[in-house]
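Written below as structure tokens is the structure these notes are about.
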Amino acid sequence: MSLLKCAVVPPSAAHTATVVFLHGLGDSGYGWHPVGEMFAPRFPHIKWLFPHAPNVPVTLNGGMRMPAWYDIKSLNAGAGGEDEAGMLATVEQVNALIKSEIDNGIPASRIILGGFSQGSAMSLLTCLLSEKKLAGIVALSGYLPLNNKIAGLKTSANDDTPILMGHGSADSVVNFEWGKASAEFLKYRLKAKVDFKTYYGMEHSTSPKELEDVATFIGSALPQVSSLHADL
């Protein structure tokens, strides 16, 4: 399995942390690369990785190939079945990317995984299935996939990992109530450490307020340190 190709924003100081952020359906890592560039001066110790999804047939798009982390059959929660095989293949690819960072000296506890929409769903799923404790999860405008079986699949590695979820109240692509229900399932059924933030009037997008909340979360989870002593 080849490592996912990424758009990268390198650290400008000693590299002591990494953020991996997964884009949404039909996008590429370059879509979120400007956010990494915007945050970089604030977090000079962080390397930003924005992986590019492979081109796969997407049922919702009439079977046409497009950048996607898994096939989508419907935008309605629970409708049409989920592409479990595609999701788990992406989890494997994301874990390989995380492992490459660990192999390069960055502990899992100094890595945040995040994403938008499809990427958000994959960041949540990867977190729950991971054997490595991550620093945090940022899940924007997404939902929890495989929630009918995730309780039996999840590990305990990230039971205490902070999760920031953000969703626009006017989202017509991934319905706001779907995102909110996912957060409640994570919090009350899986006992995850979830902070769910609502952005009133925001559609399937992001906003300056949400990005500031993300920056605050990253600053708390990945403070700048002089050296790394964590267990790899």
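Every chain in the structure tokens takes a letter, A first, then B, and so on in the order presented; its residues are numbered from 1, and the ligands are numbered from 1 following the presented order.
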> Among range 32-141 of chain A, which residues carry a DSSP assignment of helix (DSSP H, G or I), reported as number ranges by chain?
Replying inline: A: 33-39, 59-61, 84-103, 108-110, 118-129
Using only C-alpha atoms, I'd like a table of the residues in range 126-167 of chain A that come within 12 Å of range 215-219 of chain A; for each, show the closest atom pair and its distance in Å rounded to one decimal, ordered by chain and ascending number, as a tab-separated table.
```
residue	atom	partner	partner_atom	distance
A:Ala135	CA	A:Ile218	CA	9.0
A:Gly136	CA	A:Ile218	CA	8.0
A:Ile137	CA	A:Ile218	CA	9.3
A:Val138	CA	A:Phe217	CA	8.4
A:Ala139	CA	A:Phe217	CA	11.7
A:Pro162	CA	A:Phe217	CA	9.0
A:Ile163	CA	A:Phe217	CA	9.1
A:Leu164	CA	A:Phe217	CA	7.4
A:Met165	CA	A:Phe217	CA	10.6
A:Gly166	CA	A:Phe217	CA	11.7
```
Per residue of range 33-111 of chain A within 9 Å of range 140-146 of chain A, which atom pair is closest and at what distance in Å (one decimal), using only C-alpha atoms, listed by chain and increasing number, as JSON lines?
```
{"residue": "A:Glu82", "atom": "CA", "partner": "A:Leu146", "partner_atom": "CA", "distance": 7.3}
{"residue": "A:Glu84", "atom": "CA", "partner": "A:Leu146", "partner_atom": "CA", "distance": 7.3}
{"residue": "A:Met87", "atom": "CA", "partner": "A:Pro145", "partner_atom": "CA", "distance": 8.6}
```
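Minimum atom-to-atom distances from A:Thr18, A:Asn104, A:Ser130, A:Ser227 to Asp159 in chain A were compared using only C-alpha atoms, and the lowest value belongs to A:Ser130.
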>> Could you list, as an MDAnalysis selection string, every residue within 9 Å of Glu37 in chain A, counting only C-alpha atoms and ignoring same-chain residues fewer than 3 positions away?
In response: chainID A and resid 9 33:34 40:41 48
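Residue neighbourhood of Gly29 in chain A, excluding near-sequence residues (fewer than 6 positions): A:Lys5, A:Cys6, A:Ala7, A:Val8, A:Phe21, A:Leu22, A:His23, A:Leu49, A:Phe50, A:Pro51, A:His52, A:Ala53, at 10 Å, using only C-alpha atoms.
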>> What's the separation between CA of Ala108 in chain A and CA of Lys180 in chain A, in Å to one decimal place?
In response: 27.5 Å
>> I'd like to know which of A:Thr198, A:Asn55, A:Thr16, A:Ser205 is closest to Ile111 in chain A, using only C-alpha atoms.
In response: A:Thr16
> So which residues touch Gly86 in chain A within 8 Å, counting only C-alpha atoms, skipping near sequence neighbours fewer than 6 positions away, as JSON, numbers by chain?
Replying inline: {"A": [69, 70, 71]}
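Distance annotation: of A:Ser226, A:Thr59, A:Ser169, A:Ser182, the residue with the minimal separation from Tyr200 in chain A is A:Ser169; atom set is only C-alpha atoms.
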>> Measuring between only C-alpha atoms, which one of A:Met202, A:Val35, A:Cys127, A:Ile112 shows the shortest distance to Phe176 in chain A?
In response: A:Met202
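Separating CA of Val94 in chain A from CA of Asn147 in chain A is a distance of 19.6 Å.
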Would you return as a compact mmCIF listing (two decimals) with N, CA and C atoms, in the first residue's frame the members of range 1-229 of chain A that DSSP assigns to strand (DSSP E or B) on this structure's backbone?
```txt
# COMPACT_ATOMS: atom_id res chain seq x y z
N CYS A 6 0.11 14.08 -0.09
CA CYS A 6 -0.43 15.17 0.71
C CYS A 6 0.03 16.52 0.21
N ALA A 7 -0.81 17.53 0.40
CA ALA A 7 -0.36 18.92 0.39
C ALA A 7 0.19 19.19 1.78
N VAL A 8 1.34 19.83 1.85
CA VAL A 8 2.05 19.97 3.13
C VAL A 8 2.34 21.43 3.44
N VAL A 9 2.13 21.78 4.70
CA VAL A 9 2.64 23.05 5.22
C VAL A 9 3.67 22.67 6.28
N ALA A 17 4.92 18.38 16.53
CA ALA A 17 3.51 17.96 16.44
C ALA A 17 3.08 17.97 14.97
N THR A 18 2.02 17.21 14.69
CA THR A 18 1.49 17.13 13.32
C THR A 18 -0.03 17.16 13.36
N VAL A 19 -0.61 17.86 12.40
CA VAL A 19 -2.05 17.82 12.17
C VAL A 19 -2.29 17.19 10.80
N VAL A 20 -3.12 16.15 10.77
CA VAL A 20 -3.54 15.50 9.53
C VAL A 20 -5.02 15.86 9.33
N PHE A 21 -5.35 16.48 8.18
CA PHE A 21 -6.72 16.93 7.96
C PHE A 21 -7.22 16.41 6.62
N LEU A 22 -8.38 15.72 6.65
CA LEU A 22 -8.95 15.07 5.47
C LEU A 22 -10.06 15.93 4.85
N ILE A 46 4.18 22.92 14.30
CA ILE A 46 3.28 21.92 13.73
C ILE A 46 3.50 21.75 12.24
N LYS A 47 3.57 20.49 11.79
CA LYS A 47 3.51 20.16 10.36
C LYS A 47 2.07 19.84 10.01
N TRP A 48 1.61 20.37 8.90
CA TRP A 48 0.22 20.18 8.46
C TRP A 48 0.21 19.28 7.23
N LEU A 49 -0.53 18.19 7.32
CA LEU A 49 -0.67 17.25 6.21
C LEU A 49 -2.12 17.23 5.74
N PHE A 50 -2.32 17.48 4.46
CA PHE A 50 -3.66 17.48 3.86
C PHE A 50 -3.68 16.42 2.75
N PRO A 51 -4.03 15.19 3.09
CA PRO A 51 -3.98 14.10 2.11
C PRO A 51 -5.01 14.28 0.99
N ASN A 55 -9.40 8.73 -6.54
CA ASN A 55 -10.59 8.84 -7.39
C ASN A 55 -11.30 7.49 -7.42
N VAL A 56 -12.54 7.47 -6.93
CA VAL A 56 -13.31 6.23 -6.88
C VAL A 56 -14.72 6.49 -7.42
N PRO A 57 -15.40 5.44 -7.90
CA PRO A 57 -16.79 5.62 -8.35
C PRO A 57 -17.69 6.00 -7.16
N ARG A 65 -16.34 8.67 -11.35
CA ARG A 65 -15.20 8.69 -10.45
C ARG A 65 -14.89 10.12 -10.00
N MET A 66 -14.59 10.25 -8.72
CA MET A 66 -14.24 11.55 -8.17
C MET A 66 -13.45 11.33 -6.89
N PRO A 67 -12.73 12.35 -6.40
CA PRO A 67 -12.00 12.17 -5.15
C PRO A 67 -12.96 11.89 -4.00
N ILE A 111 -0.25 14.10 17.71
CA ILE A 111 -0.87 14.15 16.38
C ILE A 111 -2.37 14.37 16.53
N ILE A 112 -2.87 15.39 15.85
CA ILE A 112 -4.31 15.62 15.74
C ILE A 112 -4.77 15.14 14.38
N LEU A 113 -5.91 14.45 14.36
CA LEU A 113 -6.53 14.02 13.12
C LEU A 113 -7.85 14.77 12.97
N GLY A 114 -8.08 15.32 11.80
CA GLY A 114 -9.32 16.06 11.58
C GLY A 114 -9.82 15.88 10.17
N GLY A 115 -10.97 16.49 9.92
CA GLY A 115 -11.52 16.42 8.58
C GLY A 115 -12.81 17.19 8.45
N PHE A 116 -13.21 17.39 7.19
CA PHE A 116 -14.44 18.08 6.85
C PHE A 116 -15.35 17.14 6.07
N GLY A 136 -5.97 14.58 19.64
CA GLY A 136 -7.31 15.12 19.50
C GLY A 136 -7.89 14.87 18.13
N ILE A 137 -9.20 15.12 18.01
CA ILE A 137 -9.92 14.94 16.75
C ILE A 137 -10.71 16.21 16.47
N VAL A 138 -10.66 16.67 15.21
CA VAL A 138 -11.45 17.82 14.77
C VAL A 138 -12.38 17.33 13.67
N ALA A 139 -13.67 17.30 13.95
CA ALA A 139 -14.64 16.75 12.99
C ALA A 139 -15.64 17.84 12.61
N LEU A 140 -15.51 18.37 11.40
CA LEU A 140 -16.32 19.50 10.96
C LEU A 140 -17.35 19.08 9.92
N PRO A 162 -9.80 14.21 23.41
CA PRO A 162 -10.80 15.25 23.15
C PRO A 162 -11.21 15.31 21.68
N ILE A 163 -12.50 15.46 21.47
CA ILE A 163 -13.06 15.54 20.12
C ILE A 163 -13.83 16.85 19.99
N LEU A 164 -13.44 17.66 19.02
CA LEU A 164 -14.17 18.89 18.70
C LEU A 164 -15.00 18.63 17.46
N MET A 165 -16.31 18.78 17.58
CA MET A 165 -17.21 18.66 16.43
C MET A 165 -17.87 20.01 16.20
N GLY A 166 -17.87 20.46 14.94
CA GLY A 166 -18.53 21.70 14.57
C GLY A 166 -19.48 21.48 13.42
N HIS A 167 -20.63 22.15 13.45
CA HIS A 167 -21.63 21.93 12.40
C HIS A 167 -22.47 23.20 12.22
N GLY A 168 -22.75 23.55 10.97
CA GLY A 168 -23.61 24.68 10.67
C GLY A 168 -25.08 24.31 10.77
N LYS A 193 -15.22 11.98 24.74
CA LYS A 193 -15.06 13.35 25.25
C LYS A 193 -15.33 14.34 24.11
N VAL A 194 -16.60 14.62 23.87
CA VAL A 194 -17.01 15.41 22.71
C VAL A 194 -17.46 16.81 23.12
N ASP A 195 -16.98 17.79 22.39
CA ASP A 195 -17.47 19.16 22.49
C ASP A 195 -18.10 19.50 21.15
N PHE A 196 -19.43 19.60 21.12
CA PHE A 196 -20.16 19.87 19.88
C PHE A 196 -20.54 21.35 19.82
N LYS A 197 -20.11 22.01 18.76
CA LYS A 197 -20.38 23.44 18.61
C LYS A 197 -21.28 23.68 17.40
N THR A 198 -22.31 24.49 17.62
CA THR A 198 -23.25 24.86 16.57
C THR A 198 -22.90 26.24 16.04
N TYR A 199 -22.91 26.37 14.71
CA TYR A 199 -22.64 27.66 14.06
C TYR A 199 -23.91 28.07 13.32
```
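Take CA of Ala13 in chain A and CA of His45 in chain A: the distance between them is 5.1 Å.
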> Which is closer to Ala14 in chain A than all the others in A:Ile106, A:Met64, A:Met122, A:Leu75, using only C-alpha atoms?
Replying inline: A:Ile106
>> Using only C-alpha atoms, can you tell me which of A:Gln224, A:Thr161, A:Ser2, A:Thr206 comes closest to Lys133 in chain A?
In response: A:Thr161
